[in-house]
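Notes follow once the structure below has been shown.
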Amino acid sequence: MTKQRFSICCPINIQFGAGSAVASLSTIAALGRRALLIHGANPSRAQWLVDGLTEQGLSLSLASCPREPDIELIEACLEVGRGAGVELVIGVGGGAVIDTAKAVAGLIPAQGQVMDYLEVVGGGQPLEAHPLPWVALPTTAGTGAEVTRNAVIDVPRSRRKVSLRDDRLLPTLAIVDPELTAEAPRSVVLASGLDAITQVIEPYISGEASRFTDALCRDGIATGLPALMRLLDQSPAAPESISAAREQMAWVSLCGGLALANAKLGAVHGLAGPLGGILNAPHGAIAGCLLPAVLAANQAHCQSPSDTAVRIAEVELALAQALAVDRHEAFAALAAWSSRQGLPGLKQMGLAERDYRSVAEAAQTSSSMRGNPVKLSVATLEGILRRS
């Protein structure tokens, strides 16, 4: 049943819509005079922001996030930020950049080492000081990291991706401008889009769903896959049609981030954590591979009739309508469509069968798995990996 008593955790200020990034430059500048700007692998994509904020009078230090954040990368960014005495952190890029900015904003005032604050494989200590104010400008529509209270960090020695988590890690300002996603490569659009779709589905079937998260997720479930299919369609299209699809995917991503911050995720993200620690693959691609098999396993293991069964059937129907297949073919059709679009399977990403059990066992200890609507055994999780 949907929770009738709940709290809502979200950023202080969310700016959404085409053109909102440029329109918010003065708002960003008002948050601090010395800022650390974290960008992706290609610094030229952030030059417009560097120029705009410099004109606003900010003193900027720059740091690059060319990969998904790990301990070494976070420590390097902390050194730059602390050395410059920054009072504001800005992240412009994909989910990896946004998570890096989030973690750095939280850890610059902290007294301990990065590992002291990480869950599962670290000390799990709370942050002693309030994070620095920080601003998120996502350039992909996928993770929703701009409105979540955890930063996912790779810990190579533990072969796990785990979270730095604190309610105060929500950004001071989240700017979701669909125009910033226009230059994303096709593979990124596919992987991040599937992640966004996963993140409106998992909170919807979670036992922690509320009226607030339901309102966000229902819209995203109905519109996410059609918008992603439109963006990936190779046929000529009017610019306004592509812009509308891009805006819709940015909205679905935002909804997913807000939903997961206020409900829980599930087995897709429970498995994605340990898989991310051993595979050199984007998180969104991993999530997209897992989603069909996880939905099928949850459906097979939930009692019917039940609220969970009804919700999974609603998801099944929405996917079937988007893919123009019979409802009971929806999950298999989603996997087939994703493959045709170029999404590799877990085996192609480098997952060996010998790792199935260790990944499944690790997944059962993850915080995300606690949100799954039914309990899945290690053997069932291994089966999901095999089918993905």
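By order in the structure tokens, chains are A, B, ...; within a chain, residues start at 1; ligands start at 1, following the order shown.
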Practice prompt. Please give the complete set of residues from region 122-312 of chain A that DSSP, run on the backbone, assigns to alpha helix (DSSP H), formatted as a ChimeraX atom specification.
Written response: /A:186-205,211-232,239-262,267-278,283-301,307-312
I'd like the contact shell of Met115 (chain A) - 10 Å cut-off, only C-alpha atoms, skipping same-chain residues fewer than 3 positions apart - returned as a compact mmCIF listing (two decimals) with N, CA and C atoms, in the first residue's frame.
```txt
# COMPACT_ATOMS: atom_id res chain seq x y z
N ILE A 71 37.85 6.87 -5.06
CA ILE A 71 38.49 7.53 -3.92
C ILE A 71 39.57 8.49 -4.38
N GLY A 112 37.66 13.94 8.61
CA GLY A 112 38.20 12.61 8.40
C GLY A 112 38.60 12.34 6.96
N LEU A 118 31.94 6.51 4.10
CA LEU A 118 31.25 5.67 3.11
C LEU A 118 30.51 4.53 3.79
N GLU A 119 29.33 4.19 3.25
CA GLU A 119 28.56 3.09 3.82
C GLU A 119 29.08 1.76 3.29
N VAL A 121 31.35 -0.44 2.97
CA VAL A 121 32.76 -0.83 3.03
C VAL A 121 33.60 0.16 3.83
N GLY A 122 33.02 1.29 4.23
CA GLY A 122 33.75 2.30 4.99
C GLY A 122 33.26 2.40 6.42
N GLY A 123 33.59 3.52 7.06
CA GLY A 123 33.23 3.69 8.45
C GLY A 123 31.77 4.06 8.68
N GLY A 124 31.12 4.59 7.63
CA GLY A 124 29.72 4.96 7.77
C GLY A 124 29.46 6.08 8.76
N GLN A 125 30.49 6.90 9.03
CA GLN A 125 30.33 7.97 10.00
C GLN A 125 29.50 9.12 9.41
N VAL A 155 35.00 2.11 -4.94
CA VAL A 155 36.08 1.75 -4.02
C VAL A 155 36.78 0.54 -4.64
N LEU A 164 28.19 7.79 -0.30
CA LEU A 164 28.31 8.78 0.77
C LEU A 164 26.92 9.37 0.88
```
Discussion item. Give me the residues near Ser368 (chain A) as a VMD selection string, where near means some atom within 6 Å (using only C-alpha atoms) and where sequence neighbours in that chain fewer than 5 positions away do not count.
Written reply: chain A and resid 265 to 266 269 to 270
Item to complete: Determine, counting only C-alpha atoms, which protein, DNA and RNA residues have an atom within 12 Å of an atom of Trp48 (chain A); residues of the same chain fewer than 4 positions away are not included. Present the result as a ChimeraX atom specification.
Response: /A:21-22,25,39,43-44,52-55,92,180
Worksheet item: If we count only C-alpha atoms, what is near Leu58 (chain A) at a cut-off of 12 Å, once residues fewer than 5 positions away on the same chain are taken out, given as a ChimeraX atom specification?
Response: /A:25-37,49-53,86-90
Worksheet entry | Between CA of Glu382 (chain A) and CA of Gln364 (chain A), distance in Å (one decimal) |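 Rounded to one decimal, the two atoms are 11.5 Å apart.
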Item to complete: With a distance cut-off of 10 Å and only C-alpha atoms, select the neighbouring residues of Glu183 (chain A), excluding the residue or stretch itself and same-chain residues fewer than 5 positions from it, and output the selection as a ChimeraX atom specification.
Response: /A:45,139-140,188-189
Worksheet item: Neighbours of region 305-316 of chain A within 12 Å (only C-alpha atoms; same-chain residues fewer than 2 positions away dropped), as a ChimeraX atom specification?
Response: /A:1-3,197-198,200-209,214,217-225,291-292,294-303,318-334,372-374
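Between CA of Gln15 (chain A) and CA of Leu169 (chain A) lies a distance of 17.7 Å.
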Worksheet item: Between A:Leu381, A:Val176, A:Ala63, A:Ala244, which has the minimum distance to Pro138 (chain A) (counting only C-alpha atoms)?
Response: A:Val176
